$ cat upload.pdb   # PDB, C-alpha atoms
ATOM      1  CA  MET A   4      -8.917  14.202   9.737
ATOM      2  CA  GLN A   5      -9.684  12.069  12.793
ATOM      3  CA  HIS A   6      -6.913  12.633  15.316
ATOM      4  CA  ILE A   7      -5.711  12.931  18.908
ATOM      5  CA  PHE A   8      -3.825  15.979  20.167
ATOM      6  CA  LYS A   9      -1.998  15.927  23.513
ATOM      7  CA  PRO A  10      -0.154  19.096  24.551
ATOM      8  CA  GLY A  11       3.375  18.503  25.780
ATOM      9  CA  SER A  12       4.933  19.706  29.016
ATOM     10  CA  ASN A  13       7.794  21.555  27.286
ATOM     11  CA  LYS A  14       6.866  24.378  24.889
ATOM     12  CA  ASN A  15      10.340  24.306  23.304
ATOM     13  CA  LYS A  16       9.937  20.732  22.088
ATOM     14  CA  PRO A  17       8.558  19.864  18.638
ATOM     15  CA  THR A  18       5.202  18.296  17.914
ATOM     16  CA  LEU A  19       5.386  14.563  17.188
ATOM     17  CA  LEU A  20       3.156  13.733  14.219
ATOM     18  CA  LEU A  21       2.232  10.040  14.542
ATOM     19  CA  LEU A  22       1.245   8.177  11.368
ATOM     20  CA  HIS A  23       0.108   4.545  11.688
ATOM     21  CA  GLY A  24       0.520   1.610   9.312
ATOM     22  CA  THR A  25      -2.228  -0.060   7.244
ATOM     23  CA  GLY A  26      -5.136  -1.116   9.447
ATOM     24  CA  GLY A  27      -3.954   1.005  12.352
ATOM     25  CA  THR A  28      -5.579   3.942  14.133
ATOM     26  CA  GLU A  29      -4.508   7.141  15.822
ATOM     27  CA  ASN A  30      -3.963   5.135  19.054
ATOM     28  CA  ASP A  31      -1.337   2.743  17.644
ATOM     29  CA  LEU A  32       1.841   4.796  17.925
ATOM     30  CA  LEU A  33       1.088   6.654  21.170
ATOM     31  CA  PRO A  34       3.458   4.349  23.148
ATOM     32  CA  LEU A  35       6.267   5.274  20.695
ATOM     33  CA  ALA A  36       5.859   8.957  21.477
ATOM     34  CA  GLU A  37       6.456   8.231  25.169
ATOM     35  CA  ILE A  38       9.784   6.556  24.329
ATOM     36  CA  ILE A  39      10.891   9.171  21.778
ATOM     37  CA  ASP A  40      10.017  12.354  23.681
ATOM     38  CA  ASN A  41       7.637  12.374  26.641
ATOM     39  CA  GLU A  42       7.723  16.200  26.821
ATOM     40  CA  ALA A  43       6.644  16.920  23.234
ATOM     41  CA  ASN A  44       3.174  17.668  21.861
ATOM     42  CA  ILE A  45       1.523  14.665  20.200
ATOM     43  CA  LEU A  46      -0.612  14.904  17.082
ATOM     44  CA  SER A  47      -1.705  11.418  16.065
ATOM     45  CA  VAL A  48      -3.722  11.151  12.855
ATOM     46  CA  ARG A  49      -5.902   8.442  11.317
ATOM     47  CA  GLY A  50      -5.678   7.851   7.568
ATOM     48  CA  ASN A  51      -8.745   8.896   5.556
ATOM     49  CA  VAL A  52      -8.711   5.969   3.097
ATOM     50  CA  LEU A  53     -10.254   2.567   3.788
ATOM     51  CA  GLU A  54      -8.922  -0.609   2.166
ATOM     52  CA  ASN A  55     -11.188  -3.558   3.016
ATOM     53  CA  GLY A  56     -12.175  -1.672   6.171
ATOM     54  CA  MET A  57      -8.566  -0.913   7.144
ATOM     55  CA  PRO A  58      -7.508   2.745   7.500
ATOM     56  CA  ARG A  59      -4.651   3.922   5.262
ATOM     57  CA  PHE A  60      -3.252   7.317   4.282
ATOM     58  CA  PHE A  61      -3.627   6.814   0.513
ATOM     59  CA  ARG A  62      -4.861   4.213  -1.953
ATOM     60  CA  ARG A  63      -2.727   1.552  -3.572
ATOM     61  CA  LEU A  64      -3.375  -0.396  -6.757
ATOM     62  CA  ALA A  65      -1.640  -3.546  -5.472
ATOM     63  CA  GLU A  66       0.893  -4.527  -2.778
ATOM     64  CA  GLY A  67       3.757  -2.031  -3.187
ATOM     65  CA  VAL A  68       2.037  -0.200  -6.091
ATOM     66  CA  PHE A  69       0.829   3.245  -5.080
ATOM     67  CA  ASP A  70      -2.054   5.162  -6.641
ATOM     68  CA  GLU A  71       0.061   8.244  -7.425
ATOM     69  CA  GLU A  72      -2.874  10.563  -8.061
ATOM     70  CA  ASP A  73      -4.408   9.683  -4.704
ATOM     71  CA  LEU A  74      -1.006   9.901  -2.989
ATOM     72  CA  ILE A  75      -0.524  13.489  -4.254
ATOM     73  CA  LYS A  76      -4.068  14.441  -3.175
ATOM     74  CA  ARG A  77      -3.775  12.846   0.286
ATOM     75  CA  THR A  78      -0.324  14.355   0.876
ATOM     76  CA  GLU A  79      -1.769  17.807   0.190
ATOM     77  CA  GLU A  80      -4.721  16.997   2.486
ATOM     78  CA  LEU A  81      -2.348  16.060   5.336
ATOM     79  CA  HIS A  82      -0.164  19.131   4.694
ATOM     80  CA  GLN A  83      -3.246  21.398   4.923
ATOM     81  CA  PHE A  84      -4.443  19.574   8.030
ATOM     82  CA  LEU A  85      -1.101  20.343   9.728
ATOM     83  CA  ASN A  86      -1.590  24.034   8.909
ATOM     84  CA  GLU A  87      -5.074  23.944  10.458
ATOM     85  CA  ALA A  88      -4.040  21.885  13.501
ATOM     86  CA  SER A  89      -1.122  24.197  14.334
ATOM     87  CA  ALA A  90      -3.521  27.186  14.325
ATOM     88  CA  LYS A  91      -6.177  25.325  16.340
ATOM     89  CA  TYR A  92      -3.820  23.887  18.981
ATOM     90  CA  ASN A  93      -1.309  26.739  18.910
ATOM     91  CA  PHE A  94       1.892  24.753  18.264
ATOM     92  CA  ASP A  95       4.892  25.816  16.153
ATOM     93  CA  ARG A  96       4.129  24.799  12.551
ATOM     94  CA  ASN A  97       7.858  24.796  11.753
ATOM     95  CA  LYS A  98       8.722  22.271  14.461
ATOM     96  CA  ILE A  99       6.986  19.033  13.472
ATOM     97  CA  THR A 100       8.716  15.654  13.679
ATOM     98  CA  ALA A 101       6.873  12.940  11.752
ATOM     99  CA  VAL A 102       6.996   9.427  13.201
ATOM    100  CA  GLY A 103       5.578   6.966  10.686
ATOM    101  CA  TYR A 104       5.383   3.209  10.301
ATOM    102  CA  SER A 105       4.911   1.483   6.920
ATOM    103  CA  ASN A 106       2.023   3.302   5.156
ATOM    104  CA  GLY A 107       2.396   6.156   7.664
ATOM    105  CA  ALA A 108       6.134   6.364   6.896
ATOM    106  CA  ASN A 109       5.277   6.525   3.189
ATOM    107  CA  ILE A 110       2.945   9.507   3.591
ATOM    108  CA  ALA A 111       5.574  11.215   5.813
ATOM    109  CA  ALA A 112       8.192  10.653   3.088
ATOM    110  CA  SER A 113       5.687  12.046   0.586
ATOM    111  CA  LEU A 114       5.426  15.261   2.653
ATOM    112  CA  LEU A 115       9.212  15.601   2.300
ATOM    113  CA  PHE A 116       9.030  14.855  -1.440
ATOM    114  CA  HIS A 117       6.332  17.463  -2.118
ATOM    115  CA  TYR A 118       6.720  20.274   0.453
ATOM    116  CA  GLU A 119       9.902  22.049   1.446
ATOM    117  CA  ASN A 120       8.694  23.057   4.907
ATOM    118  CA  SER A 121       5.877  20.689   5.863
ATOM    119  CA  ILE A 122       7.917  18.828   8.490
ATOM    120  CA  GLU A 123      11.230  19.565  10.185
ATOM    121  CA  GLN A 124      12.400  15.985  10.584
ATOM    122  CA  ALA A 125      11.137  12.432  10.226
ATOM    123  CA  LEU A 126      11.527   9.014  11.818
ATOM    124  CA  LEU A 127      10.505   6.608   9.063
ATOM    125  CA  HIS A 128       9.991   2.964  10.022
ATOM    126  CA  HIS A 129       9.960   0.626   6.998
ATOM    127  CA  PRO A 130       9.164   3.235   4.328
ATOM    128  CA  MET A 131       9.203   2.892   0.545
ATOM    129  CA  VAL A 132      10.037   5.484  -2.123
ATOM    130  CA  PRO A 133       6.734   7.402  -2.462
ATOM    131  CA  ARG A 134       7.343   8.657  -6.016
ATOM    132  CA  ARG A 135      10.022   8.379  -8.665
ATOM    133  CA  GLY A 136      11.028  10.719 -11.464
ATOM    134  CA  ILE A 137      10.187  13.981  -9.678
ATOM    135  CA  GLU A 138      12.450  16.759  -8.478
ATOM    136  CA  LEU A 139      12.476  16.993  -4.699
ATOM    137  CA  PRO A 140      12.356  20.343  -2.891
ATOM    138  CA  ASN A 141      15.476  21.653  -1.162
ATOM    139  CA  LEU A 142      15.661  19.599   2.052
ATOM    140  CA  THR A 143      18.794  21.224   3.484
ATOM    141  CA  GLY A 144      18.492  21.276   7.269
ATOM    142  CA  LYS A 145      15.975  18.410   7.389
ATOM    143  CA  ARG A 146      16.919  15.294   9.390
ATOM    144  CA  VAL A 147      15.567  11.870   8.444
ATOM    145  CA  PHE A 148      15.978   8.559  10.259
ATOM    146  CA  ILE A 149      15.097   5.437   8.263
ATOM    147  CA  ALA A 150      14.629   2.057   9.972
ATOM    148  CA  ALA A 151      14.656  -0.857   7.535
ATOM    149  CA  GLY A 152      14.624  -4.651   7.616
ATOM    150  CA  THR A 153      17.307  -6.667   5.853
ATOM    151  CA  ASN A 154      14.685  -9.353   5.190
ATOM    152  CA  ASP A 155      11.574  -7.174   4.938
ATOM    153  CA  PRO A 156       9.145  -8.953   2.540
ATOM    154  CA  ILE A 157       7.097  -5.785   1.900
ATOM    155  CA  CYS A 158       9.830  -3.175   1.633
ATOM    156  CA  ALA A 159      12.974  -4.510  -0.073
ATOM    157  CA  PRO A 160      16.324  -3.241   1.254
ATOM    158  CA  LYS A 161      17.020  -1.494  -2.061
ATOM    159  CA  GLU A 162      13.873   0.643  -1.498
ATOM    160  CA  SER A 163      15.313   1.962   1.769
ATOM    161  CA  GLU A 164      18.710   2.601   0.172
ATOM    162  CA  GLU A 165      17.112   4.411  -2.780
ATOM    163  CA  LEU A 166      14.950   6.541  -0.471
ATOM    164  CA  GLU A 167      17.985   7.524   1.593
ATOM    165  CA  GLN A 168      19.920   8.421  -1.570
ATOM    166  CA  LEU A 169      17.089  10.601  -2.942
ATOM    167  CA  LEU A 170      16.729  12.447   0.358
ATOM    168  CA  LYS A 171      20.507  12.944   0.621
ATOM    169  CA  GLU A 172      20.677  14.316  -2.913
ATOM    170  CA  ALA A 173      17.974  16.844  -1.940
ATOM    171  CA  GLY A 174      20.151  18.012   0.976
ATOM    172  CA  ALA A 175      18.677  16.102   3.932
ATOM    173  CA  GLU A 176      20.850  14.671   6.700
ATOM    174  CA  THR A 177      19.992  10.960   6.859
ATOM    175  CA  LYS A 178      20.611   7.908   9.007
ATOM    176  CA  LEU A 179      19.747   4.417   7.721
ATOM    177  CA  HIS A 180      19.404   1.786  10.461
ATOM    178  CA  TRP A 181      19.079  -1.941   9.707
ATOM    179  CA  GLU A 182      17.204  -4.612  11.667
ATOM    180  CA  ASN A 183      16.874  -8.332  10.915
ATOM    181  CA  HIS A 184      13.186  -8.593  11.762
ATOM    182  CA  GLY A 185      11.240  -8.299   8.521
ATOM    183  CA  HIS A 186       8.532  -5.612   8.355
ATOM    184  CA  GLN A 187       7.551  -5.389  12.021
ATOM    185  CA  LEU A 188       8.261  -2.478  14.300
ATOM    186  CA  THR A 189      10.773  -3.594  16.944
ATOM    187  CA  ILE A 190      11.630  -2.073  20.311
ATOM    188  CA  SER A 191      15.321  -1.940  19.355
ATOM    189  CA  GLU A 192      14.649   0.192  16.251
ATOM    190  CA  ILE A 193      12.344   2.458  18.271
ATOM    191  CA  ARG A 194      15.085   2.961  20.869
ATOM    192  CA  THR A 195      17.664   3.613  18.150
ATOM    193  CA  ALA A 196      15.286   6.154  16.557
ATOM    194  CA  ALA A 197      14.772   7.797  19.964
ATOM    195  CA  SER A 198      18.518   8.141  20.604
ATOM    196  CA  TRP A 199      18.988   9.588  17.070
ATOM    197  CA  TYR A 200      16.132  12.055  17.751
ATOM    198  CA  ASN A 201      17.686  13.084  21.065
TER     199      ASN A 201
END
$ encode --input "upload.pdb" --output "structure tokens"
Amino acid sequence: MQHIFKPGSNKNKPTLLLLHGTGGTENDLLPLAEIIDNEANILSVRGNVLENGMPRFFRRLAEGVFDEEDLIKRTEELHQFLNEASAKYNFDRNKITAVGYSNGANIAASLLFHYENSIEQALLHHPMVPRRGIELPNLTGKRVFIAAGTNDPICAPKESEELEQLLKEAGAETKLHWENHGHQLTISEIRTAASWYN
């Protein structure tokens, strides 16, 4: 997977896995990493799927309708990539914090839904429920921050509430933060995510 890796200055810190939104690249969320933890490793990944020329992490059939088969396949692909990247760059595979926006938040949530130990914690900005009707792994000890918009036209508030509930039921410690700014990523939610992380 096309990516950027930047080693951090503090070996005890986790690796921040940055996952962009639709049409983004591995450069998009680099400024977020600076705000969240400027001592951590950064692993920023570009989605392998193109939708009308725009990079994404998995296919969708329509707005808000995921191609489940592709989602499962791409989640496994990202999970395997993290295994390979941790060996290549020599970072602790058990200490990965995913930071995802929109489509990137959805694939991060999908890692939690499918793999017990793929990521340690997640900062999900405007995510949706990746899959329904499946049993989640035991997520005890995982921490998940969800930033949602009360008037988000793409991700309805009930999606965020349902996602939080599913993660909680699987044992994760969650925090749901509301903004009144639709689907965009705001500086206030980034700062709130950073203070939760710290």
$ resolve_selection --input "upload.pdb" --expression "the PyMOL selection byres ((chain A and resi 9-25) around 7)" --output "list in words"
Ile7, Phe8, Gly26, Gly27, Thr28, Glu29, Asp31, Leu32, Glu42, Ala43, Asn44, Ile45, Leu46, Ser47, Val48, Met57, Pro58, Arg59, Lys98, Ile99, Thr100, Ala101, Val102, Gly103, Tyr104, Ser105, Asn106, Gly107 and Ala108 of chain A
$ closest_residue --input "upload.pdb" --among "A:Val132, A:Leu142, A:Leu127, A:Leu74" --to "A:Glu192" --atoms "only C-alpha atoms"
A:Leu127
$ resolve_selection --input "upload.pdb" --expression "the PyMOL selection byres ((chain A and resi 196) around 12)" --output "count of residues only"
39
$ closest_residue --input "upload.pdb" --among "A:Glu172, A:Glu164, A:Asp73, A:Asp155" --to "A:Leu139" --atoms "all atoms listed in the file"
A:Glu172
$ residues_around --input "upload.pdb" --residues "stretch 70-72 of chain A" --least-positions-apart "3" --cutoff "12 Å" --atoms "only C-alpha atoms" --output "PyMOL selection string"
chain A and resi 52+60-67+75-79+109-110+113+132-137
$ write_last_selection --input "upload.pdb" --atoms "C-alpha atoms" --output "PDB file, in the frame of the given file"
ATOM      1  CA  VAL A  52      -8.711   5.969   3.097  1.00  0.00           C
ATOM      2  CA  PHE A  60      -3.252   7.317   4.282  1.00  0.00           C
ATOM      3  CA  PHE A  61      -3.627   6.814   0.513  1.00  0.00           C
ATOM      4  CA  ARG A  62      -4.861   4.213  -1.953  1.00  0.00           C
ATOM      5  CA  ARG A  63      -2.727   1.552  -3.572  1.00  0.00           C
ATOM      6  CA  LEU A  64      -3.375  -0.396  -6.757  1.00  0.00           C
ATOM      7  CA  ALA A  65      -1.640  -3.546  -5.472  1.00  0.00           C
ATOM      8  CA  GLU A  66       0.893  -4.527  -2.778  1.00  0.00           C
ATOM      9  CA  GLY A  67       3.757  -2.031  -3.187  1.00  0.00           C
ATOM     10  CA  ILE A  75      -0.524  13.489  -4.254  1.00  0.00           C
ATOM     11  CA  LYS A  76      -4.068  14.441  -3.175  1.00  0.00           C
ATOM     12  CA  ARG A  77      -3.775  12.846   0.286  1.00  0.00           C
ATOM     13  CA  THR A  78      -0.324  14.355   0.876  1.00  0.00           C
ATOM     14  CA  GLU A  79      -1.769  17.807   0.190  1.00  0.00           C
ATOM     15  CA  ASN A 109       5.277   6.525   3.189  1.00  0.00           C
ATOM     16  CA  ILE A 110       2.945   9.507   3.591  1.00  0.00           C
ATOM     17  CA  SER A 113       5.687  12.046   0.586  1.00  0.00           C
ATOM     18  CA  VAL A 132      10.037   5.484  -2.123  1.00  0.00           C
ATOM     19  CA  PRO A 133       6.734   7.402  -2.462  1.00  0.00           C
ATOM     20  CA  ARG A 134       7.343   8.657  -6.016  1.00  0.00           C
ATOM     21  CA  ARG A 135      10.022   8.379  -8.665  1.00  0.00           C
ATOM     22  CA  GLY A 136      11.028  10.719 -11.464  1.00  0.00           C
ATOM     23  CA  ILE A 137      10.187  13.981  -9.678  1.00  0.00           C
TER      24      ILE A 137
END
$ atom_distance --input "upload.pdb" --atom1 "atom CA of A:Lys161" --atom2 "atom CA of A:Met131"
9.3 Å
$ closest_residue --input "upload.pdb" --among "A:Ala111, A:Leu81, A:Pro130, A:Asn30" --to "A:Glu165" --atoms "only C-alpha atoms"
A:Pro130
$ atom_distance --input "upload.pdb" --atom1 "atom CA of A:His6" --atom2 "atom CA of A:His129"
22.3 Å
$ closest_residue --input "upload.pdb" --among "A:Ala112, A:Ala159, A:Leu166, A:Ile122" --to "A:Gln83" --atoms "all atoms listed in the file"
A:Ile122
$ atom_distance --input "upload.pdb" --atom1 "atom CA of A:Gly152" --atom2 "atom CA of A:Asn41"
26.5 Å
